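**Q** What follows is the file final_26.pdb, containing PDB, C-alpha atoms:
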```pdb
ATOM      1  CA  MET A1267     119.315  54.028 112.226
ATOM      2  CA  GLY A1268     119.462  55.256 108.633
ATOM      3  CA  SER A1269     115.803  54.512 108.045
ATOM      4  CA  ILE A1270     114.895  56.342 111.250
ATOM      5  CA  LEU A1271     116.866  59.416 110.165
ATOM      6  CA  LEU A1272     115.251  59.303 106.724
ATOM      7  CA  PHE A1273     111.797  59.059 108.278
ATOM      8  CA  SER A1274     112.569  61.968 110.623
ATOM      9  CA  SER A1275     113.810  64.115 107.748
ATOM     10  CA  LEU A1276     110.722  63.370 105.666
ATOM     11  CA  ALA A1277     108.481  64.094 108.630
ATOM     12  CA  PHE A1278     110.211  67.445 109.199
ATOM     13  CA  ILE A1279     109.799  68.402 105.534
ATOM     14  CA  PHE A1280     106.118  67.462 105.675
ATOM     15  CA  ILE A1281     105.609  69.609 108.787
ATOM     16  CA  VAL A1282     107.331  72.615 107.207
ATOM     17  CA  LEU A1283     105.291  72.304 104.029
ATOM     18  CA  THR A1284     102.099  71.843 105.993
ATOM     19  CA  ILE A1285     102.368  74.572 108.625
ATOM     20  CA  GLY A1286     104.931  76.825 107.009
ATOM     21  CA  PRO A1287     102.444  79.514 105.939
ATOM     22  CA  SER A1288     101.440  80.110 109.562
ATOM     23  CA  MET A1289     105.018  80.561 110.759
ATOM     24  CA  THR A1290     104.838  84.291 110.239
ATOM     25  CA  ASN A1291     107.940  85.124 112.257
ATOM     26  CA  ALA A1292     109.988  82.003 111.612
ATOM     27  CA  GLY A1293     111.932  83.089 108.545
ATOM     28  CA  TYR A1294     109.377  81.830 106.016
ATOM     29  CA  TRP A1295     110.175  84.588 103.536
ATOM     30  CA  PRO A1296     108.851  85.333 100.055
ATOM     31  CA  PRO A1297     111.021  84.694  97.016
ATOM     32  CA  SER A1298     113.090  87.597  95.728
ATOM     33  CA  PRO A1299     111.168  89.905  93.375
ATOM     34  CA  GLY A1300     114.415  90.566  91.491
ATOM     35  CA  PHE A1301     113.817  94.321  91.440
ATOM     36  CA  TYR A1302     113.709  96.864  94.263
ATOM     37  CA  PRO A1303     111.751  99.989  93.312
ATOM     38  CA  SER A1304     112.397 101.809  96.602
ATOM     39  CA  SER A1305     116.069 102.094  95.598
ATOM     40  CA  LYS A1306     115.056 104.099  92.510
ATOM     41  CA  PHE A1307     113.554 106.987  94.451
ATOM     42  CA  ARG A1308     115.267 109.515  96.692
ATOM     43  CA  SER A1309     114.287 109.720 100.339
ATOM     44  CA  MET A1310     113.187 112.966 101.950
ATOM     45  CA  THR A1311     112.893 114.153 105.503
ATOM     46  CA  PHE A1312     109.492 114.768 107.020
ATOM     47  CA  ASN A1313     110.006 118.548 106.956
ATOM     48  CA  GLN A1314     110.845 118.491 103.243
ATOM     49  CA  GLY A1315     107.550 117.086 102.104
ATOM     50  CA  PHE A1316     104.977 117.088 104.897
ATOM     51  CA  ARG A1317     103.283 119.132 107.582
ATOM     52  CA  ASN A1318     101.266 118.345 110.667
ATOM     53  CA  LEU A1319      97.555 117.955 110.029
ATOM     54  CA  TRP A1320      96.233 117.393 113.557
ATOM     55  CA  GLY A1321      97.501 116.479 117.000
ATOM     56  CA  PRO A1322     100.723 118.566 116.876
ATOM     57  CA  SER A1323     101.437 117.856 120.547
ATOM     58  CA  HIS A1324     101.441 114.131 119.710
ATOM     59  CA  GLN A1325     104.190 114.336 117.113
ATOM     60  CA  THR A1326     107.986 114.561 117.429
ATOM     61  CA  ILE A1327     110.963 114.266 115.083
ATOM     62  CA  ASN A1328     114.222 112.678 116.201
ATOM     63  CA  ASN A1329     117.108 111.791 113.855
ATOM     64  CA  ASN A1330     114.849 112.198 110.805
ATOM     65  CA  ALA A1331     112.322 109.742 112.261
ATOM     66  CA  LEU A1332     108.812 110.970 112.970
ATOM     67  CA  ALA A1333     106.914 109.568 115.952
ATOM     68  CA  ILE A1334     103.159 110.067 116.216
ATOM     69  CA  TRP A1335     101.111 108.677 119.062
ATOM     70  CA  LEU A1336      97.642 108.102 120.380
ATOM     71  CA  ASP A1337      96.622 108.474 124.008
ATOM     72  CA  ARG A1338      93.391 109.179 125.794
ATOM     73  CA  THR A1339      93.489 112.850 124.760
ATOM     74  CA  SER A1340      94.351 112.709 121.049
ATOM     75  CA  GLY A1341      95.911 110.954 118.111
ATOM     76  CA  SER A1342      97.923 112.624 115.360
ATOM     77  CA  GLY A1343      98.162 112.931 111.602
ATOM     78  CA  PHE A1344     100.272 114.490 108.854
ATOM     79  CA  LYS A1345      99.834 115.425 105.204
ATOM     80  CA  SER A1346     102.035 116.010 102.168
ATOM     81  CA  VAL A1347     102.597 119.610 101.153
ATOM     82  CA  LYS A1348     101.423 118.996  97.590
ATOM     83  CA  PRO A1349      98.881 116.734  95.898
ATOM     84  CA  PHE A1350      99.851 114.180  93.264
ATOM     85  CA  ARG A1351      98.130 112.629  90.283
ATOM     86  CA  SER A1352     100.467 109.599  90.156
ATOM     87  CA  GLY A1353     103.684 108.431  91.782
ATOM     88  CA  TYR A1354     105.554 106.198  94.200
ATOM     89  CA  PHE A1355     104.765 106.792  97.872
ATOM     90  CA  GLY A1356     106.634 104.972 100.606
ATOM     91  CA  ALA A1357     107.819 105.117 104.187
ATOM     92  CA  SER A1358     109.681 102.873 106.570
ATOM     93  CA  ILE A1359     107.391 102.221 109.536
ATOM     94  CA  LYS A1360     107.830 100.589 112.938
ATOM     95  CA  LEU A1361     104.769  99.633 114.945
ATOM     96  CA  GLN A1362     103.926  99.535 118.640
ATOM     97  CA  PRO A1363     104.363  96.112 120.313
ATOM     98  CA  GLY A1364     101.980  94.603 122.840
ATOM     99  CA  TYR A1365      98.275  95.314 123.124
ATOM    100  CA  THR A1366      97.188  97.699 120.357
ATOM    101  CA  ALA A1367      93.606  96.589 119.746
ATOM    102  CA  GLY A1368      91.400  99.294 118.273
ATOM    103  CA  VAL A1369      94.373 101.390 117.135
ATOM    104  CA  ILE A1370      94.964 102.165 113.459
ATOM    105  CA  THR A1371      98.363 103.243 112.164
ATOM    106  CA  ALA A1372      97.869 104.374 108.569
ATOM    107  CA  PHE A1373      99.790 105.565 105.502
ATOM    108  CA  TYR A1374      97.522 106.479 102.619
ATOM    109  CA  LEU A1375      96.516 108.632  99.659
ATOM    110  CA  SER A1376      93.281 110.617  99.785
ATOM    111  CA  ASN A1377      91.444 113.656  98.456
ATOM    112  CA  ASN A1378      88.828 113.696 101.207
ATOM    113  CA  GLU A1379      89.524 117.335 102.070
ATOM    114  CA  ALA A1380      89.009 118.397  98.452
ATOM    115  CA  HIS A1381      85.962 116.182  97.893
ATOM    116  CA  PRO A1382      84.283 115.566 101.266
ATOM    117  CA  GLY A1383      81.700 112.809 101.081
ATOM    118  CA  PHE A1384      82.756 111.908  97.535
ATOM    119  CA  HIS A1385      86.443 111.146  97.801
ATOM    120  CA  ASP A1386      89.023 108.667  96.533
ATOM    121  CA  GLU A1387      91.401 106.876  98.889
ATOM    122  CA  VAL A1388      94.166 104.256  98.722
ATOM    123  CA  ASP A1389      95.102 102.802 102.109
ATOM    124  CA  ILE A1390      97.835 100.951 103.889
ATOM    125  CA  GLU A1391      96.476 100.406 107.393
ATOM    126  CA  PHE A1392      97.848  98.400 110.287
ATOM    127  CA  LEU A1393      94.993  97.021 112.354
ATOM    128  CA  GLY A1394      95.825  96.869 116.047
ATOM    129  CA  THR A1395      95.961  93.519 117.762
ATOM    130  CA  THR A1396      95.899  91.709 121.109
ATOM    131  CA  PHE A1397      98.697  89.915 122.944
ATOM    132  CA  GLY A1398     100.166  86.996 121.038
ATOM    133  CA  LYS A1399      98.389  87.694 117.748
ATOM    134  CA  PRO A1400     100.017  89.132 114.612
ATOM    135  CA  TYR A1401      99.296  92.525 113.149
ATOM    136  CA  THR A1402      97.023  92.619 110.116
ATOM    137  CA  LEU A1403      98.002  94.866 107.214
ATOM    138  CA  GLN A1404      94.895  96.059 105.398
ATOM    139  CA  THR A1405      95.040  97.488 101.890
ATOM    140  CA  ASN A1406      91.973  99.271 100.616
ATOM    141  CA  VAL A1407      90.736 101.336  97.675
ATOM    142  CA  TYR A1408      87.801 103.772  97.719
ATOM    143  CA  ILE A1409      86.469 105.337  94.544
ATOM    144  CA  ARG A1410      84.305 108.433  94.926
ATOM    145  CA  GLY A1411      83.318 107.180  98.357
ATOM    146  CA  SER A1412      80.211 108.299 100.147
ATOM    147  CA  GLY A1413      80.310 110.030 103.481
ATOM    148  CA  ASP A1414      76.991 108.584 104.606
ATOM    149  CA  GLY A1415      78.279 105.196 105.755
ATOM    150  CA  LYS A1416      77.820 103.472 102.388
ATOM    151  CA  ILE A1417      81.453 103.607 101.341
ATOM    152  CA  ILE A1418      82.358 100.692  99.068
ATOM    153  CA  GLY A1419      85.655  99.308 100.316
ATOM    154  CA  ARG A1420      87.937  96.946  98.445
ATOM    155  CA  GLU A1421      89.812  95.409 101.345
ATOM    156  CA  MET A1422      92.573  92.842 101.078
ATOM    157  CA  LYS A1423      94.170  91.896 104.391
ATOM    158  CA  PHE A1424      97.513  90.234 105.013
ATOM    159  CA  HIS A1425      99.594  88.910 107.843
ATOM    160  CA  LEU A1426     103.308  89.611 107.565
ATOM    161  CA  TRP A1427     106.276  87.256 107.392
ATOM    162  CA  PHE A1428     108.103  89.262 110.074
ATOM    163  CA  ASP A1429     107.352  91.097 113.308
ATOM    164  CA  PRO A1430     106.668  94.739 112.295
ATOM    165  CA  THR A1431     107.348  95.946 115.852
ATOM    166  CA  LYS A1432     111.003  94.823 115.898
ATOM    167  CA  ASN A1433     112.444  96.939 113.088
ATOM    168  CA  PHE A1434     111.503  99.459 110.421
ATOM    169  CA  HIS A1435     110.113  97.944 107.205
ATOM    170  CA  HIS A1436     109.301  99.780 103.998
ATOM    171  CA  TYR A1437     105.680 100.001 102.845
ATOM    172  CA  ALA A1438     104.713 101.676  99.583
ATOM    173  CA  ILE A1439     101.992 102.410  97.046
ATOM    174  CA  LEU A1440     102.689 102.781  93.325
ATOM    175  CA  TRP A1441      99.910 104.746  91.648
ATOM    176  CA  SER A1442     100.079 104.962  87.862
ATOM    177  CA  PRO A1443      97.360 105.758  85.320
ATOM    178  CA  HIS A1444      97.027 102.007  84.753
ATOM    179  CA  GLU A1445      97.254 100.353  88.158
ATOM    180  CA  LEU A1446      97.841 100.509  91.888
ATOM    181  CA  ILE A1447     100.518  98.258  93.387
ATOM    182  CA  PHE A1448     101.115  97.779  97.110
ATOM    183  CA  PHE A1449     104.602  96.820  98.335
ATOM    184  CA  VAL A1450     106.157  95.526 101.539
ATOM    185  CA  ASP A1451     109.965  95.731 101.529
ATOM    186  CA  ASP A1452     109.814  95.981  97.713
ATOM    187  CA  ILE A1453     107.777  92.798  97.428
ATOM    188  CA  PRO A1454     104.477  93.454  95.636
ATOM    189  CA  ILE A1455     101.577  92.073  97.657
ATOM    190  CA  ARG A1456      98.620  93.409  95.676
ATOM    191  CA  ARG A1457      97.927  94.794  92.222
ATOM    192  CA  TYR A1458      94.711  96.708  91.533
ATOM    193  CA  PRO A1459      94.383  97.337  87.775
ATOM    194  CA  ARG A1460      92.410 100.095  86.144
ATOM    195  CA  LYS A1461      89.532  98.188  84.566
ATOM    196  CA  SER A1462      87.273 101.219  84.186
ATOM    197  CA  ASP A1463      87.261 104.917  85.023
ATOM    198  CA  ALA A1464      84.439 104.269  87.490
ATOM    199  CA  THR A1465      86.548 101.891  89.597
ATOM    200  CA  PHE A1466      89.900 103.682  89.611
ATOM    201  CA  PRO A1467      91.166 106.860  91.338
ATOM    202  CA  LEU A1468      91.838 109.545  88.748
ATOM    203  CA  ARG A1469      91.708 112.804  90.725
ATOM    204  CA  PRO A1470      94.749 114.262  92.536
ATOM    205  CA  MET A1471      95.394 112.989  96.057
ATOM    206  CA  TRP A1472      97.596 113.982  98.989
ATOM    207  CA  LEU A1473      99.739 111.571 100.996
ATOM    208  CA  TYR A1474      98.800 111.148 104.662
ATOM    209  CA  GLY A1475      99.847 109.301 107.782
ATOM    210  CA  SER A1476      97.945 108.983 111.038
ATOM    211  CA  ILE A1477      97.311 107.083 114.245
ATOM    212  CA  TRP A1478      93.804 107.019 115.722
ATOM    213  CA  ASP A1479      91.210 105.084 117.703
ATOM    214  CA  ALA A1480      89.013 102.863 115.514
ATOM    215  CA  SER A1481      87.742 100.619 118.282
ATOM    216  CA  SER A1482      84.375 100.167 116.591
ATOM    217  CA  TRP A1483      85.876  97.989 113.822
ATOM    218  CA  ALA A1484      89.668  97.738 113.758
ATOM    219  CA  THR A1485      90.353  94.546 115.707
ATOM    220  CA  GLU A1486      88.281  91.456 114.961
ATOM    221  CA  ASN A1487      85.385  93.639 113.784
ATOM    222  CA  GLY A1488      85.350  95.673 116.984
ATOM    223  CA  ARG A1489      85.441  92.766 119.426
ATOM    224  CA  TYR A1490      88.519  94.212 121.126
ATOM    225  CA  LYS A1491      88.706  97.928 121.938
ATOM    226  CA  ALA A1492      91.550 100.340 122.613
ATOM    227  CA  ASP A1493      92.701 100.012 126.230
ATOM    228  CA  TYR A1494      94.362 103.213 127.382
ATOM    229  CA  LYS A1495      96.146 101.585 130.287
ATOM    230  CA  TYR A1496      98.668 100.649 127.562
ATOM    231  CA  GLN A1497      99.007 104.217 126.224
ATOM    232  CA  PRO A1498     100.729 105.846 124.486
ATOM    233  CA  PHE A1499     100.408 103.910 121.235
ATOM    234  CA  VAL A1500     103.264 105.029 118.989
ATOM    235  CA  GLY A1501     103.842 104.758 115.252
ATOM    236  CA  ARG A1502     107.283 105.613 113.891
ATOM    237  CA  PHE A1503     107.954 106.736 110.296
ATOM    238  CA  THR A1504     111.177 107.473 108.431
ATOM    239  CA  ASN A1505     112.723 107.180 104.954
ATOM    240  CA  PHE A1506     109.845 109.031 103.303
ATOM    241  CA  LYS A1507     109.488 108.797  99.526
ATOM    242  CA  ALA A1508     106.961 110.742  97.457
ATOM    243  CA  THR A1509     108.006 110.913  93.814
ATOM    244  CA  GLY A1510     105.905 111.337  90.727
ATOM    245  CA  CYS A1511     103.668 113.748  88.890
ATOM    246  CA  SER A1512     102.202 116.332  91.213
ATOM    247  CA  ALA A1513      98.922 118.067  90.476
ATOM    248  CA  TYR A1514     101.035 121.040  89.368
ATOM    249  CA  SER A1515     103.319 119.092  86.991
ATOM    250  CA  SER A1516     103.251 119.527  83.253
ATOM    251  CA  PRO A1517     100.778 117.272  81.414
ATOM    252  CA  ARG A1518     103.894 115.784  79.834
ATOM    253  CA  CYS A1519     105.082 114.434  83.179
ATOM    254  CA  HIS A1520     105.838 110.738  82.709
ATOM    255  CA  PRO A1521     104.464 108.458  85.455
ATOM    256  CA  VAL A1522     107.041 106.462  87.399
ATOM    257  CA  THR A1523     107.084 102.677  87.303
ATOM    258  CA  ALA A1524     107.963 100.004  89.838
ATOM    259  CA  SER A1525     109.319  97.385  87.468
ATOM    260  CA  PRO A1526     112.539  96.940  85.484
ATOM    261  CA  GLY A1527     110.751  97.181  82.135
ATOM    262  CA  ARG A1528     109.904 100.448  80.428
ATOM    263  CA  SER A1529     106.345  99.388  79.806
ATOM    264  CA  GLY A1530     105.521  99.357  83.535
ATOM    265  CA  GLY A1531     103.532  96.633  85.187
ATOM    266  CA  LEU A1532     105.260  93.867  87.120
ATOM    267  CA  SER A1533     107.988  91.562  85.898
ATOM    268  CA  ARG A1534     107.582  87.794  85.924
ATOM    269  CA  ARG A1535     109.627  87.502  89.131
ATOM    270  CA  GLN A1536     107.620  90.261  90.796
ATOM    271  CA  ASN A1537     104.389  88.522  89.855
ATOM    272  CA  MET A1538     105.701  85.232  91.231
ATOM    273  CA  ALA A1539     106.621  86.899  94.535
ATOM    274  CA  MET A1540     103.187  88.549  94.745
ATOM    275  CA  LYS A1541     101.379  85.267  94.080
ATOM    276  CA  TRP A1542     103.506  83.578  96.749
ATOM    277  CA  VAL A1543     102.565  86.217  99.337
ATOM    278  CA  GLN A1544      98.897  85.974  98.447
ATOM    279  CA  SER A1545      98.937  82.185  98.674
ATOM    280  CA  HIS A1546     100.637  82.198 102.097
ATOM    281  CA  TYR A1547      99.717  85.404 103.917
ATOM    282  CA  LEU A1548      96.472  86.752 102.440
ATOM    283  CA  VAL A1549      93.772  86.438 105.108
ATOM    284  CA  TYR A1550      90.880  88.337 103.505
ATOM    285  CA  ASN A1551      89.923  89.226  99.938
ATOM    286  CA  TYR A1552      86.771  91.263  99.384
ATOM    287  CA  CYS A1553      86.213  89.633  96.006
ATOM    288  CA  ARG A1554      85.875  86.232  97.720
ATOM    289  CA  ASP A1555      83.497  87.456 100.412
ATOM    290  CA  ASN A1556      80.089  85.984  99.623
ATOM    291  CA  LYS A1557      78.459  88.416 102.061
ATOM    292  CA  ARG A1558      79.398  91.372  99.885
ATOM    293  CA  ASP A1559      77.242  92.873  97.146
ATOM    294  CA  HIS A1560      79.545  92.404  94.170
ATOM    295  CA  SER A1561      77.300  94.341  91.834
ATOM    296  CA  LEU A1562      79.121  97.295  93.394
ATOM    297  CA  THR A1563      82.579  95.861  92.708
ATOM    298  CA  PRO A1564      82.557  94.849  89.032
ATOM    299  CA  GLU A1565      86.333  94.368  89.077
ATOM    300  CA  CYS A1566      85.624  91.126  90.978
ATOM    301  CA  TRP A1567      83.592  89.643  88.142
ATOM    302  CA  LYS A1568      85.204  86.786  86.293
TER     303      LYS A1568
END
```
Take the structure in the file and give it back as structure tokens.
**A**
Amino acid sequence: MGSILLFSSLAFIFIVLTIGPSMTNAGYWPPSPGFYPSSKFRSMTFNQGFRNLWGPSHQTINNNALAIWLDRTSGSGFKSVKPFRSGYFGASIKLQPGYTAGVITAFYLSNNEAHPGFHDEVDIEFLGTTFGKPYTLQTNVYIRGSGDGKIIGREMKFHLWFDPTKNFHHYAILWSPHELIFFVDDIPIRRYPRKSDATFPLRPMWLYGSIWDASSWATENGRYKADYKYQPFVGRFTNFKATGCSAYSSPRCHPVTASPGRSGGLSRRQNMAMKWVQSHYLVYNYCRDNKRDHSLTPECWK
């Protein structure tokens, strides 16, 4: 009996180690980063820092939580009152369950309105999905993008270790003069360093959120489209954070950091947590895509 129990235990451990990374909603959680930057920055209400940008009839506020939705008639978007040149930008977001193919729920930095056709952008985007499949979180960086369809994206896509439709989770971007860091519940999932001025956003950007129909590409490269028999598609936002140096701040304004050290960057534990996420939940990395023209993304060069 003892040998049978030992064999069963070893078999169970082997199964967990083998298929654990795919158990996205089974409690297979990243290691603690040891530091929680969201706790450093004060939350604000939507009305304190933002305004409606489009689709005002598809936007409501209830108990400090903003709901924006997409139906057959319109989507909705919002924008920060002021632009920033660096900072920490976060929100707790809860996504729509069920069939959401073709629908993008986004939280991002951009200066597209100030520089149309030649803008910078830093994205957190949730790509809609079909029944039984997990959401994909896409992070992306545009540098002086082109409006003619030749935008050079720097996409990294992740699955999540939880169901983002069950509860609010905190998603954030840290933008400093040296790097961009993307966070999920204070766990860094991606770091994009400033390797050159040509590949890093340096001009002021506003903070945006939106929900819209991107059926042409959002879900499995456009294979599945938005189906409005499941409307409305709702994205919920709360616990807004937008702290840093605005475009109107003194040149002496000191950029915020997202690590315990004064020098910025990530701590050893934060780096370990990020590497763990990337080894278990990263599903696409533009630098590893052999179909891409990497002469346009020199940051990928070894």
**Q** Quick one: everything within 6 Å of region 1485-1494 of chain A, counting all atoms listed in the file, minus sequence neighbours fewer than 3 positions away in the same chain. Send it as a ChimeraX atom specification.
**A** /A:1367-1368,1394,1481-1482,1497
**Q** Using the chain letters and numbers from this file, what does the PyMOL selection byres ((chain A and resi 1395) around 8) select? Give the answer as a PyMOL selection string.
**A** chain A and resi 1364-1368+1393-1394+1396-1397+1399-1402+1485
**Q** Within 12 Å of Phe1312 (chain A), counting all atoms listed in the file, which residues show up once you throw out same-chain ones fewer than 3 positions away? Write them as a PyMOL selection string, please.
**A** chain A and resi 1309+1315-1318+1325-1333+1344-1347+1357-1358+1473-1475+1502-1508
**Q** Per residue of region 1503-1534 of chain A within 12 Å of region 1445-1451 of chain A, note the shortest atom pair and the distance in Å to one decimal, counting all atoms listed in the file, and order the rows by chain and increasing residue number, as JSON lines.
**A**
```
{"residue": "A:Pro1521", "atom": "CA", "partner": "A:Glu1445", "partner_atom": "CA", "distance": 11.2}
{"residue": "A:Val1522", "atom": "CA", "partner": "A:Glu1445", "partner_atom": "CA", "distance": 11.6}
{"residue": "A:Thr1523", "atom": "CA", "partner": "A:Ile1447", "partner_atom": "CA", "distance": 10.0}
{"residue": "A:Ala1524", "atom": "CA", "partner": "A:Ile1447", "partner_atom": "CA", "distance": 8.4}
{"residue": "A:Ser1525", "atom": "CA", "partner": "A:Ile1447", "partner_atom": "CA", "distance": 10.6}
{"residue": "A:Gly1530", "atom": "CA", "partner": "A:Glu1445", "partner_atom": "CA", "distance": 9.5}
{"residue": "A:Gly1531", "atom": "CA", "partner": "A:Glu1445", "partner_atom": "CA", "distance": 7.9}
{"residue": "A:Leu1532", "atom": "CA", "partner": "A:Ile1447", "partner_atom": "CA", "distance": 9.0}
```
**Q** With the PyMOL selection byres ((chain A and resi 1376) around 12) as the selection, what would be picked from this file? Answer as a PyMOL selection string, please.
**A** chain A and resi 1345-1346+1348-1351+1372-1375+1377-1390+1406-1411+1467-1475
**Q** Please report the interatomic distance between CA of Asp1337 (chain A) and CA of Tyr1550 (chain A) in Å with one decimal.
**A**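 Pair CA of Asp1337 (chain A) / CA of Tyr1550 (chain A) returns 29.3 Å.
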**Q** Given the file shown, enumerate the residues that the PyMOL selection byres ((chain A and resi 1423-1432) around 6) captures and present them as a ChimeraX atom specification.
**A** /A:1290-1291,1360-1363,1402-1404,1422,1433,1547-1550
**Q** May I have the residues from that selection written out with C-alpha atoms, as an mmCIF file, in the coordinates of the input?
**A**
```
data_model
loop_
_atom_site.group_PDB
_atom_site.id
_atom_site.type_symbol
_atom_site.label_atom_id
_atom_site.label_comp_id
_atom_site.auth_asym_id
_atom_site.auth_seq_id
_atom_site.Cartn_x
_atom_site.Cartn_y
_atom_site.Cartn_z
ATOM 1 C CA THR A 1290 104.838 84.291 110.239
ATOM 2 C CA ASN A 1291 107.940 85.124 112.257
ATOM 3 C CA LYS A 1360 107.830 100.589 112.938
ATOM 4 C CA LEU A 1361 104.769 99.633 114.945
ATOM 5 C CA GLN A 1362 103.926 99.535 118.640
ATOM 6 C CA PRO A 1363 104.363 96.112 120.313
ATOM 7 C CA THR A 1402 97.023 92.619 110.116
ATOM 8 C CA LEU A 1403 98.002 94.866 107.214
ATOM 9 C CA GLN A 1404 94.895 96.059 105.398
ATOM 10 C CA MET A 1422 92.573 92.842 101.078
ATOM 11 C CA ASN A 1433 112.444 96.939 113.088
ATOM 12 C CA TYR A 1547 99.717 85.404 103.917
ATOM 13 C CA LEU A 1548 96.472 86.752 102.440
ATOM 14 C CA VAL A 1549 93.772 86.438 105.108
ATOM 15 C CA TYR A 1550 90.880 88.337 103.505
#
```
**Q** Kindly indicate which residue among A:Ser1352, A:Leu1319, A:Thr1371, A:Asp1559 lies nearest to Tyr1514 (chain A), using all atoms listed in the file for the distances.
**A**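 The closest residue to Tyr1514 (chain A) is A:Ser1352.
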**Q** Just how far from CA of Lys1461 (chain A) is CA of Ser1561 (chain A), in Å to one decimal?
**A**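 Value for the CA of Ser1561 (chain A)-CA of Lys1461 (chain A) distance: 14.7 Å.
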**Q** Quick one: of A:Asp1479, A:Gly1527, A:Tyr1294, A:Arg1456, who's nearest to Lys1541 (chain A), counting only C-alpha atoms?
**A** A:Arg1456
**Q** For the atom pair CA of Trp1542 (chain A) and CA of Gly1419 (chain A), what is the interatomic distance in Å to one decimal place?
**A** 24.1 Å
**Q** Kindly indicate which residue among A:Gly1343, A:Pro1296, A:Gly1356, A:Pro1526 lies nearest to Met1310 (chain A), using all atoms listed in the file for the distances.
**A** A:Gly1356
**Q** Can you list, as a list in words, every protein, DNA or RNA residue that comes within 12 Å of Lys1568 (chain A) when you count only C-alpha atoms, leaving out same-chain residues fewer than 3 positions away?
**A**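 The residues satisfying every condition are Cys1553, Arg1554, His1560, Thr1563, Pro1564 and Glu1565 of chain A.
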